[in-house]
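Text of start-v7.tsv (TSV, C-alpha atoms) as supplied:
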chain	number	residue	atom	x	y	z
A	276	MET	CA	48.97	-61.76	-10.53
A	277	LYS	CA	47.84	-61.66	-6.90
A	278	ARG	CA	51.26	-62.92	-5.83
A	279	PHE	CA	52.91	-60.29	-8.02
A	280	PHE	CA	51.07	-57.40	-6.38
A	281	ALA	CA	51.13	-58.84	-2.84
A	282	PRO	CA	54.34	-56.97	-1.77
A	283	LEU	CA	52.51	-53.69	-2.45
A	284	THR	CA	50.59	-54.06	0.82
A	285	ASP	CA	53.90	-53.32	2.58
A	286	PRO	CA	54.13	-49.49	2.99
A	287	ILE	CA	57.91	-49.46	2.57
A	288	VAL	CA	57.69	-51.43	-0.68
A	289	ARG	CA	54.91	-49.12	-1.84
A	290	ARG	CA	57.09	-46.08	-1.20
A	291	VAL	CA	59.90	-47.54	-3.29
A	292	VAL	CA	57.52	-48.45	-6.14
A	293	VAL	CA	55.88	-45.00	-6.11
A	294	ALA	CA	59.32	-43.33	-6.19
A	295	SER	CA	60.36	-45.50	-9.14
A	296	LEU	CA	57.20	-44.82	-11.13
A	297	THR	CA	57.28	-41.06	-10.44
A	298	LEU	CA	60.80	-41.02	-11.79
A	299	GLY	CA	59.59	-43.05	-14.76
A	300	GLY	CA	56.99	-40.41	-15.61
A	301	ALA	CA	59.60	-37.66	-15.55
A	302	VAL	CA	61.87	-39.77	-17.74
A	303	GLY	CA	59.01	-40.24	-20.20
A	304	VAL	CA	58.98	-36.47	-20.78
A	305	PHE	CA	62.73	-36.62	-21.30
A	306	GLY	CA	62.18	-39.38	-23.86
A	307	LEU	CA	59.64	-37.16	-25.59
A	308	SER	CA	62.21	-34.41	-26.03
A	309	PHE	CA	64.79	-36.94	-27.20
A	310	GLY	CA	62.35	-38.16	-29.84
A	311	VAL	CA	61.70	-34.64	-31.15
A	312	ALA	CA	65.39	-33.64	-31.03
A	313	SER	CA	66.69	-36.85	-32.62
A	314	VAL	CA	64.27	-36.68	-35.55
A	315	SER	CA	65.05	-32.99	-36.06
A	316	ALA	CA	68.76	-33.91	-36.10
A	317	GLY	CA	68.14	-36.19	-39.08
A	318	ALA	CA	67.38	-39.66	-37.69
A	319	SER	CA	64.31	-41.56	-38.86
A	320	VAL	CA	61.56	-42.54	-36.42
A	321	TRP	CA	62.86	-46.14	-36.46
A	322	GLN	CA	66.46	-45.07	-35.81
A	323	THR	CA	65.33	-42.81	-32.97
A	324	CYS	CA	63.35	-45.64	-31.37
A	325	ALA	CA	66.24	-48.09	-31.86
A	326	LEU	CA	68.55	-45.71	-29.99
A	327	SER	CA	66.23	-45.57	-26.99
A	328	PHE	CA	65.56	-49.32	-27.04
A	329	PHE	CA	69.08	-50.64	-27.52
A	330	VAL	CA	71.40	-47.90	-26.26
A	331	PHE	CA	69.11	-46.95	-23.34
A	332	THR	CA	71.34	-44.39	-21.69
A	333	GLY	CA	69.99	-40.91	-22.27
A	334	ALA	CA	73.01	-38.61	-22.25
A	335	SER	CA	74.84	-40.82	-24.78
A	336	GLN	CA	71.88	-40.81	-27.16
A	337	PHE	CA	71.43	-37.02	-26.90
A	338	SER	CA	75.17	-36.46	-27.38
A	339	ALA	CA	75.46	-38.71	-30.44
A	340	MET	CA	72.45	-37.14	-32.18
A	341	SER	CA	73.57	-33.62	-31.30
A	342	VAL	CA	76.85	-34.26	-33.18
A	343	VAL	CA	75.01	-35.90	-36.09
A	344	GLY	CA	72.57	-32.99	-36.25
A	345	ALA	CA	75.41	-30.46	-36.40
A	346	GLY	CA	76.84	-32.34	-39.40
A	347	GLY	CA	79.65	-34.10	-37.56
A	348	SER	CA	81.09	-37.47	-38.50
A	349	LEU	CA	79.49	-40.63	-37.19
A	350	VAL	CA	82.79	-41.65	-35.64
A	351	ALA	CA	82.87	-38.47	-33.57
A	352	ALA	CA	79.18	-38.94	-32.70
A	353	PHE	CA	79.91	-42.48	-31.56
A	354	GLY	CA	82.99	-41.38	-29.58
A	355	GLY	CA	81.12	-38.81	-27.50
A	356	GLY	CA	78.22	-41.19	-26.90
A	357	ALA	CA	80.56	-44.01	-25.88
A	358	LEU	CA	82.48	-41.79	-23.44
A	359	LEU	CA	79.22	-40.76	-21.78
A	360	ALA	CA	78.19	-44.43	-21.56
A	361	ALA	CA	81.42	-45.26	-19.73
A	362	ARG	CA	80.03	-44.13	-16.39
A	363	ASN	CA	77.55	-47.02	-16.52
A	364	PHE	CA	80.60	-49.22	-16.03
A	365	VAL	CA	81.17	-47.58	-12.64
A	366	TYR	CA	77.47	-48.06	-11.80
A	367	GLY	CA	77.79	-51.72	-12.75
A	368	LEU	CA	80.73	-52.06	-10.37
A	369	ALA	CA	78.78	-50.36	-7.59
A	370	LEU	CA	75.85	-52.74	-8.09
A	371	SER	CA	77.92	-55.87	-8.68
A	372	SER	CA	78.00	-56.98	-5.05
A	373	SER	CA	74.20	-57.15	-5.05
A	374	ALA	CA	73.89	-58.46	-8.62
A	375	LYS	CA	73.20	-62.04	-7.54
A	376	SER	CA	70.50	-61.09	-5.04
A	377	MET	CA	68.91	-58.65	-7.51
A	378	ALA	CA	68.95	-60.74	-10.65
A	379	GLY	CA	69.87	-64.31	-9.72
A	380	SER	CA	71.23	-66.63	-12.43
A	381	LEU	CA	73.79	-65.54	-15.03
A	382	PRO	CA	71.28	-65.23	-17.92
A	383	ARG	CA	69.16	-62.97	-15.73
A	384	ARG	CA	72.16	-60.87	-14.79
A	385	ILE	CA	73.04	-60.54	-18.48
A	386	PHE	CA	69.51	-59.25	-19.05
A	387	ALA	CA	69.67	-56.99	-15.97
A	388	ALA	CA	72.87	-55.33	-17.23
A	389	HIS	CA	70.86	-53.44	-19.87
A	390	PHE	CA	69.12	-51.54	-17.05
A	391	VAL	CA	72.27	-50.39	-15.25
A	392	ILE	CA	71.93	-46.59	-15.61
A	393	ASP	CA	71.98	-43.46	-13.39
A	394	GLU	CA	68.46	-43.80	-12.02
A	395	THR	CA	68.35	-47.56	-11.33
A	396	THR	CA	71.73	-47.37	-9.58
A	397	ALA	CA	70.72	-44.39	-7.46
A	398	LEU	CA	67.42	-45.91	-6.37
A	399	ALA	CA	68.76	-49.42	-5.80
A	400	LEU	CA	71.75	-48.26	-3.75
A	401	ALA	CA	69.49	-46.04	-1.62
A	402	GLN	CA	67.70	-49.15	-0.27
A	403	GLU	CA	68.87	-50.89	2.86
A	404	SER	CA	67.75	-54.50	2.44
A	405	PRO	CA	68.60	-56.79	-0.51
A	406	ARG	CA	64.87	-57.36	-1.05
A	407	LEU	CA	64.09	-53.63	-1.38
A	408	ARG	CA	67.16	-53.23	-3.54
A	409	LYS	CA	65.84	-55.87	-5.92
A	410	ILE	CA	62.38	-54.26	-6.04
A	411	ALA	CA	63.85	-50.79	-6.57
A	412	PHE	CA	66.18	-51.96	-9.34
A	413	TRP	CA	63.53	-53.80	-11.33
A	414	THR	CA	60.62	-51.36	-10.92
A	415	THR	CA	62.89	-48.44	-11.81
A	416	GLY	CA	64.55	-50.35	-14.65
A	417	ILE	CA	61.41	-51.71	-16.31
A	418	GLY	CA	59.37	-48.57	-15.53
A	419	LEU	CA	61.98	-46.23	-16.96
A	420	PHE	CA	62.55	-48.42	-19.99
A	421	THR	CA	58.82	-48.41	-20.78
A	422	PHE	CA	58.31	-44.66	-20.28
A	423	TRP	CA	61.59	-43.74	-22.02
A	424	ASN	CA	60.70	-45.73	-25.13
A	425	LEU	CA	57.05	-44.63	-25.21
A	426	GLY	CA	58.15	-41.01	-24.82
A	427	THR	CA	60.71	-41.42	-27.59
A	428	LEU	CA	58.16	-42.90	-30.00
A	429	ILE	CA	55.59	-40.16	-29.38
A	430	GLY	CA	58.28	-37.45	-29.60
A	431	ALA	CA	59.71	-38.90	-32.81
A	432	LEU	CA	56.26	-39.05	-34.45
A	433	ALA	CA	55.48	-35.49	-33.31
A	434	GLY	CA	58.91	-34.21	-34.40
A	435	ASN	CA	58.36	-35.75	-37.81
A	436	ALA	CA	55.11	-33.84	-38.19
A	437	ILE	CA	56.35	-30.32	-37.30
A	438	ASP	CA	59.14	-28.03	-38.48
A	439	PRO	CA	61.53	-28.00	-35.49
A	440	GLN	CA	63.38	-24.86	-36.59
A	441	LYS	CA	60.15	-22.84	-36.63
A	442	PHE	CA	59.39	-23.63	-33.00
A	443	GLY	CA	62.90	-22.75	-31.79
A	444	LEU	CA	63.50	-26.41	-31.06
A	445	ASP	CA	67.20	-26.19	-31.92
A	446	ILE	CA	67.49	-25.13	-28.28
A	447	ALA	CA	66.06	-28.52	-27.14
A	448	PHE	CA	69.51	-30.15	-27.14
A	449	PRO	CA	71.35	-27.55	-25.01
A	450	ALA	CA	68.34	-27.20	-22.68
A	451	ALA	CA	68.32	-30.95	-22.08
A	452	PHE	CA	72.09	-30.96	-21.56
A	453	ILE	CA	71.78	-28.17	-18.97
A	454	VAL	CA	69.15	-30.16	-17.07
A	455	MET	CA	71.36	-33.27	-17.20
A	456	LEU	CA	74.47	-31.31	-16.22
A	457	LEU	CA	73.18	-29.69	-13.01
A	458	PRO	CA	73.20	-32.81	-10.80
A	459	HIS	CA	76.82	-33.38	-11.84
A	460	LEU	CA	78.00	-30.04	-10.45
A	461	ARG	CA	77.80	-30.84	-6.76
A	462	THR	CA	81.53	-31.06	-6.03
A	463	LYS	CA	84.26	-28.49	-6.63
A	464	LEU	CA	86.17	-30.99	-8.76
A	465	SER	CA	83.18	-31.61	-11.03
A	466	ARG	CA	82.59	-27.86	-11.46
A	467	GLN	CA	86.24	-27.49	-12.50
A	468	ALA	CA	85.88	-30.38	-14.96
A	469	ALA	CA	82.72	-28.79	-16.42
A	470	ALA	CA	84.29	-25.35	-16.79
A	471	LEU	CA	87.42	-26.79	-18.37
A	472	GLY	CA	85.35	-29.05	-20.66
A	473	GLY	CA	83.30	-26.13	-21.91
A	474	VAL	CA	86.37	-23.96	-22.50
A	475	LEU	CA	88.31	-26.76	-24.27
A	476	CYS	CA	85.33	-27.32	-26.56
A	477	LEU	CA	84.96	-23.63	-27.46
A	478	ILE	CA	88.70	-23.23	-28.11
A	479	SER	CA	88.89	-26.27	-30.38
A	480	ILE	CA	85.64	-25.74	-32.34
A	481	SER	CA	87.25	-23.64	-35.09
A	482	PHE	CA	90.22	-25.98	-35.56
A	483	PHE	CA	88.74	-29.48	-35.56
A	484	PRO	CA	85.94	-31.27	-37.44
A	485	ILE	CA	82.48	-31.13	-35.85
A	486	GLY	CA	82.16	-33.49	-32.90
A	487	ILE	CA	85.89	-33.83	-32.23
A	488	PRO	CA	85.90	-30.86	-29.78
A	489	ILE	CA	83.54	-32.92	-27.58
A	490	LEU	CA	86.17	-35.66	-27.43
A	491	ILE	CA	88.90	-33.12	-26.72
A	492	ALA	CA	86.79	-31.74	-23.86
A	493	ALA	CA	86.92	-35.20	-22.27
A	494	CYS	CA	90.54	-34.43	-21.32
A	495	ALA	CA	89.03	-32.19	-18.62
A	496	VAL	CA	88.41	-35.30	-16.51
A	497	LEU	CA	92.14	-35.32	-15.84
A	498	VAL	CA	91.51	-32.72	-13.12
A	499	GLY	CA	90.46	-35.84	-11.20
A	500	LEU	CA	94.11	-36.90	-11.05
A	501	ARG	CA	94.62	-34.34	-8.33
A	502	ASN	CA	93.69	-35.47	-4.89
A	503	ASP	CA	91.45	-33.20	-2.85
B	491	MET	CA	93.04	-47.16	-39.04
B	492	PRO	CA	90.85	-48.83	-41.70
B	493	TYR	CA	90.30	-46.84	-44.87
B	494	TRP	CA	86.53	-46.57	-44.53
B	495	LEU	CA	86.91	-45.12	-41.04
B	496	VAL	CA	89.22	-42.37	-42.30
B	497	TYR	CA	86.85	-41.71	-45.21
B	498	GLU	CA	83.90	-41.50	-42.81
B	499	MET	CA	85.71	-38.94	-40.64
B	500	ILE	CA	86.45	-36.67	-43.61
B	501	ASN	CA	83.19	-37.23	-45.41
B	502	PRO	CA	80.31	-38.29	-43.13
B	503	GLN	CA	77.67	-40.48	-44.76
B	504	PRO	CA	74.25	-40.02	-43.15
B	505	GLN	CA	73.06	-43.36	-44.52
B	506	HIS	CA	75.59	-45.03	-42.22
B	507	LEU	CA	73.68	-43.82	-39.17
B	508	TRP	CA	72.46	-47.36	-38.49
B	509	LEU	CA	76.08	-48.50	-38.14
B	510	MET	CA	76.68	-45.85	-35.50
B	511	ILE	CA	73.51	-46.87	-33.65
B	512	VAL	CA	74.54	-50.54	-33.57
B	513	ALA	CA	78.08	-49.68	-32.44
B	514	LEU	CA	76.84	-47.34	-29.72
B	515	ALA	CA	74.28	-49.87	-28.48
B	516	ALA	CA	76.92	-52.60	-28.26
B	517	THR	CA	79.41	-50.32	-26.52
B	518	ALA	CA	76.88	-49.01	-24.01
B	519	TYR	CA	75.78	-52.56	-23.18
B	520	LEU	CA	79.34	-53.82	-22.79
B	521	PHE	CA	80.16	-51.01	-20.35
B	522	LYS	CA	77.15	-51.90	-18.21
B	523	MET	CA	77.82	-55.61	-18.42
B	524	PHE	CA	81.54	-55.43	-17.64
B	525	GLY	CA	80.92	-53.56	-14.41
B	526	LEU	CA	78.01	-55.68	-13.26
B	527	ILE	CA	79.16	-59.15	-14.23
B	528	VAL	CA	82.74	-59.49	-15.47
B	529	LEU	CA	84.75	-57.37	-13.06
B	530	GLY	CA	82.45	-58.15	-10.18
B	531	SER	CA	83.45	-56.63	-6.88
B	532	ARG	CA	87.08	-56.04	-7.80
B	533	GLN	CA	88.30	-52.69	-6.52
B	534	LEU	CA	89.58	-50.17	-9.06
B	535	PRO	CA	92.09	-47.45	-8.20
B	536	LYS	CA	90.31	-44.45	-6.68
B	537	VAL	CA	91.79	-42.07	-9.27
B	538	PHE	CA	90.28	-44.10	-12.11
B	539	ASP	CA	86.87	-44.02	-10.44
B	540	ARG	CA	87.10	-40.27	-9.90
B	541	CYS	CA	88.07	-39.51	-13.50
B	542	LEU	CA	85.29	-41.70	-14.95
B	543	GLY	CA	82.83	-39.95	-12.64
B	544	LEU	CA	83.85	-36.57	-14.07
B	545	ILE	CA	83.04	-37.52	-17.68
B	546	PRO	CA	79.40	-36.33	-17.59
B	547	ALA	CA	80.35	-32.93	-16.13
B	548	ALA	CA	83.07	-32.32	-18.74
B	549	LEU	CA	81.17	-33.66	-21.76
B	550	LEU	CA	77.75	-32.22	-20.98
B	551	ALA	CA	79.30	-28.77	-20.43
B	552	ALA	CA	81.12	-29.13	-23.76
B	553	LEU	CA	77.87	-30.14	-25.49
B	554	VAL	CA	76.06	-27.11	-24.02
B	555	ALA	CA	78.88	-24.84	-25.25
B	556	LYS	CA	78.83	-26.40	-28.73
B	557	ASP	CA	75.05	-26.31	-29.14
B	558	THR	CA	74.73	-22.72	-27.89
B	559	PHE	CA	77.74	-20.94	-29.34
B	560	SER	CA	78.57	-22.67	-32.61
B	561	ILE	CA	77.23	-23.44	-36.05
B	562	GLY	CA	79.42	-26.06	-37.68
B	563	GLN	CA	83.00	-24.98	-37.08
B	564	THR	CA	82.19	-21.30	-36.52
B	565	LEU	CA	81.70	-19.65	-33.15
B	566	VAL	CA	78.56	-17.49	-33.20
B	567	ILE	CA	76.49	-15.50	-30.76
B	568	ASP	CA	72.84	-15.52	-31.82
B	569	ALA	CA	69.30	-15.90	-30.49
B	570	ARG	CA	70.20	-19.22	-28.88
B	571	VAL	CA	72.11	-17.34	-26.15
B	572	ALA	CA	68.77	-15.98	-24.89
B	573	GLY	CA	67.42	-19.52	-24.76
B	574	PHE	CA	70.58	-20.65	-22.99
B	575	VAL	CA	70.27	-17.99	-20.27
B	576	VAL	CA	66.59	-18.77	-19.73
B	577	ALA	CA	67.31	-22.53	-19.65
B	578	VAL	CA	70.07	-22.11	-17.05
B	579	ILE	CA	67.81	-20.03	-14.79
B	580	ALA	CA	64.85	-22.39	-15.21
B	581	ALA	CA	66.94	-25.53	-14.65
B	582	TRP	CA	68.65	-23.96	-11.64
B	583	ARG	CA	65.18	-23.21	-10.21
B	584	ARG	CA	64.51	-26.94	-10.64
B	585	ALA	CA	61.84	-26.51	-13.29
B	586	PRO	CA	60.92	-29.80	-15.01
B	587	LEU	CA	62.63	-30.49	-18.34
B	588	ILE	CA	59.57	-29.78	-20.45
B	589	VAL	CA	59.23	-26.32	-18.85
B	590	VAL	CA	62.94	-25.63	-19.37
B	591	VAL	CA	62.73	-26.59	-23.06
B	592	VAL	CA	59.51	-24.63	-23.70
B	593	LEU	CA	60.82	-21.47	-21.96
B	594	ALA	CA	64.18	-21.70	-23.74
B	595	ALA	CA	62.55	-22.30	-27.13
B	596	GLY	CA	60.18	-19.40	-26.47
B	597	ALA	CA	63.04	-17.04	-25.57
B	598	THR	CA	65.01	-18.08	-28.68
B	599	ALA	CA	61.98	-17.68	-30.96
B	600	PHE	CA	61.21	-14.28	-29.38
B	601	VAL	CA	64.72	-12.88	-29.88
B	602	ARG	CA	64.74	-14.23	-33.45
B	603	ALA	CA	61.47	-12.42	-34.15
B	604	ILE	CA	62.61	-8.98	-32.93
Would you write the structure of this file as structure tokens?
Amino acid sequence: MKRFFAPLTDPIVRRVVVASLTLGGAVGVFGLSFGVASVSAGASVWQTCALSFFVFTGASQFSAMSVVGAGGSLVAAFGGGALLAARNFVYGLALSSSAKSMAGSLPRRIFAAHFVIDETTALALAQESPRLRKIAFWTTGIGLFTFWNLGTLIGALAGNAIDPQKFGLDIAFPAAFIVMLLPHLRTKLSRQAAALGGVLCLISISFFPIGIPILIAACAVLVGLRND
Amino acid sequence: MPYWLVYEMINPQPQHLWLMIVALAATAYLFKMFGLIVLGSRQLPKVFDRCLGLIPAALLAALVAKDTFSIGQTLVIDARVAGFVVAVIAAWRRAPLIVVVVLAAGATAFVRAI
């Protein structure tokens, strides 16, 4: 235990750990709202917890349950969730050059892959040395995983106990999506993709089964074909 | 396409939710794993990278549109628009998620009540 906490005497390491855990706390609140929203969309407490434990990539979980809650097909729910999970592939690529120094042997890297998400990638890549990168990846990964799942469990139990409609909680999904969307609007190209995605979805809502318009909106990423 | 898949698309079965959860978990993991371990440090075309990076912007915007302006397959403008406006302002002011949700839910509930 002493050896485990020894690196914390280093101020730089401490700063990384504090940043990771602060982020973890914020993510816990996010997990809480996922728990409430998922249960109100029709999932059981167990299903909600399984999503957070095994899928462990927030936007995908929210998206899938939003489609399920609206009465869409499970195939459409899966499709939207899977598309949103695809960006983790890019994160994996970005981290792959430091995978060996962060996780070591192949079995460990296979385990580490579960934690390749927005936050771990951002914090790990922000570090300069391989050692700090390793610390950032694992404290963020394990910290987030713990808070995210705890938050989900508490939210799911609370959501089960109250009537979500009565508290205006049907707005929890769009509110969470807005919060998740903002950091993705930094470039002109991404703002165009967002605007086009929203418009494509609204146009197709009346003509296609629930959930399919979300998949149609994915065509908006083709604005990325242009070079700017 | 297998028959059950077509059937599921026309006639969703909520008791199959576990299937969706397992499929989504496997897919999400494979995406993470392929990038980190299988493809390694191979370089992908820049265009491919750019398009994948735009998925969250396009899909999250679509989800916001769907959850604010539709019920099922019908476009509607109702009390949720108030919540939407409040959520956008609060999120833009960098309010934490819980504040955004509470303010948006409050605005929606308020408009519904009047």
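Closest to chain B among A:Phe280, A:Trp321, A:Phe420, A:Phe364 is A:Phe364, based on only C-alpha atoms.
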Define the interface residues of chain B facing chain A as those within 7 Å, counting all atoms listed in the file, and report them as a PDB file with C-alpha atoms, keeping the file's coordinate frame.
ATOM      1  CA  GLU B 498      83.900 -41.500 -42.810  1.00  0.00           C
ATOM      2  CA  MET B 499      85.710 -38.940 -40.640  1.00  0.00           C
ATOM      3  CA  PRO B 502      80.310 -38.290 -43.130  1.00  0.00           C
ATOM      4  CA  LEU B 507      73.680 -43.820 -39.170  1.00  0.00           C
ATOM      5  CA  TRP B 508      72.460 -47.360 -38.490  1.00  0.00           C
ATOM      6  CA  MET B 510      76.680 -45.850 -35.500  1.00  0.00           C
ATOM      7  CA  ILE B 511      73.510 -46.870 -33.650  1.00  0.00           C
ATOM      8  CA  LEU B 514      76.840 -47.340 -29.720  1.00  0.00           C
ATOM      9  CA  ALA B 515      74.280 -49.870 -28.480  1.00  0.00           C
ATOM     10  CA  THR B 517      79.410 -50.320 -26.520  1.00  0.00           C
ATOM     11  CA  ALA B 518      76.880 -49.010 -24.010  1.00  0.00           C
ATOM     12  CA  TYR B 519      75.780 -52.560 -23.180  1.00  0.00           C
ATOM     13  CA  PHE B 521      80.160 -51.010 -20.350  1.00  0.00           C
ATOM     14  CA  LYS B 522      77.150 -51.900 -18.210  1.00  0.00           C
ATOM     15  CA  MET B 523      77.820 -55.610 -18.420  1.00  0.00           C
ATOM     16  CA  PHE B 524      81.540 -55.430 -17.640  1.00  0.00           C
ATOM     17  CA  GLY B 525      80.920 -53.560 -14.410  1.00  0.00           C
ATOM     18  CA  LEU B 526      78.010 -55.680 -13.260  1.00  0.00           C
ATOM     19  CA  ILE B 527      79.160 -59.150 -14.230  1.00  0.00           C
ATOM     20  CA  GLY B 530      82.450 -58.150 -10.180  1.00  0.00           C
ATOM     21  CA  SER B 531      83.450 -56.630  -6.880  1.00  0.00           C
ATOM     22  CA  VAL B 537      91.790 -42.070  -9.270  1.00  0.00           C
ATOM     23  CA  ARG B 540      87.100 -40.270  -9.900  1.00  0.00           C
ATOM     24  CA  CYS B 541      88.070 -39.510 -13.500  1.00  0.00           C
ATOM     25  CA  LEU B 542      85.290 -41.700 -14.950  1.00  0.00           C
ATOM     26  CA  GLY B 543      82.830 -39.950 -12.640  1.00  0.00           C
ATOM     27  CA  LEU B 544      83.850 -36.570 -14.070  1.00  0.00           C
ATOM     28  CA  ILE B 545      83.040 -37.520 -17.680  1.00  0.00           C
ATOM     29  CA  PRO B 546      79.400 -36.330 -17.590  1.00  0.00           C
ATOM     30  CA  ALA B 547      80.350 -32.930 -16.130  1.00  0.00           C
ATOM     31  CA  ALA B 548      83.070 -32.320 -18.740  1.00  0.00           C
ATOM     32  CA  LEU B 549      81.170 -33.660 -21.760  1.00  0.00           C
ATOM     33  CA  LEU B 550      77.750 -32.220 -20.980  1.00  0.00           C
ATOM     34  CA  ALA B 551      79.300 -28.770 -20.430  1.00  0.00           C
ATOM     35  CA  ALA B 552      81.120 -29.130 -23.760  1.00  0.00           C
ATOM     36  CA  LEU B 553      77.870 -30.140 -25.490  1.00  0.00           C
ATOM     37  CA  VAL B 554      76.060 -27.110 -24.020  1.00  0.00           C
ATOM     38  CA  ALA B 555      78.880 -24.840 -25.250  1.00  0.00           C
ATOM     39  CA  LYS B 556      78.830 -26.400 -28.730  1.00  0.00           C
ATOM     40  CA  ASP B 557      75.050 -26.310 -29.140  1.00  0.00           C
ATOM     41  CA  THR B 558      74.730 -22.720 -27.890  1.00  0.00           C
ATOM     42  CA  GLY B 562      79.420 -26.060 -37.680  1.00  0.00           C
ATOM     43  CA  GLN B 563      83.000 -24.980 -37.080  1.00  0.00           C
ATOM     44  CA  THR B 564      82.190 -21.300 -36.520  1.00  0.00           C
ATOM     45  CA  ARG B 570      70.200 -19.220 -28.880  1.00  0.00           C
ATOM     46  CA  GLY B 573      67.420 -19.520 -24.760  1.00  0.00           C
ATOM     47  CA  PHE B 574      70.580 -20.650 -22.990  1.00  0.00           C
ATOM     48  CA  ALA B 577      67.310 -22.530 -19.650  1.00  0.00           C
ATOM     49  CA  VAL B 578      70.070 -22.110 -17.050  1.00  0.00           C
ATOM     50  CA  ALA B 581      66.940 -25.530 -14.650  1.00  0.00           C
ATOM     51  CA  LEU B 587      62.630 -30.490 -18.340  1.00  0.00           C
ATOM     52  CA  ILE B 588      59.570 -29.780 -20.450  1.00  0.00           C
ATOM     53  CA  VAL B 590      62.940 -25.630 -19.370  1.00  0.00           C
ATOM     54  CA  VAL B 591      62.730 -26.590 -23.060  1.00  0.00           C
ATOM     55  CA  ALA B 594      64.180 -21.700 -23.740  1.00  0.00           C
ATOM     56  CA  ALA B 595      62.550 -22.300 -27.130  1.00  0.00           C
ATOM     57  CA  GLY B 596      60.180 -19.400 -26.470  1.00  0.00           C
ATOM     58  CA  THR B 598      65.010 -18.080 -28.680  1.00  0.00           C
ATOM     59  CA  ALA B 599      61.980 -17.680 -30.960  1.00  0.00           C
TER      60      ALA B 599
END
Atom CA of Phe412 of chain A to atom CA of Gly333 of chain A measures 17.4 Å
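The space between atom CA of Val601 of chain B and atom CA of Val311 of chain A spans 22.0 Å.
Here atom CA of Lys409 of chain A is placed at a distance of 10.1 Å from atom CA of Gly379 of chain A.
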Can you tell me, as lines of an AutoDock Vina configuration file, the centre and edge lengths (Å, one decimal) of the axis-aligned box enclosing all of segment 304-315 of chain A's listed atoms after padding each side by 8 Å?
center_x = 62.8
center_y = -36.2
center_z = -28.4
size_x = 23.7
size_y = 22.4
size_z = 31.3
_Can you tell me which residues surround Phe422 of chain A at a distance of at most 9 Å, considering all atoms listed in the file, apart from same-chain residues fewer than 3 positions away, and format the answer as a VMD selection string?_
chain A and resid 299 to 304 306 417 to 419 425 to 427
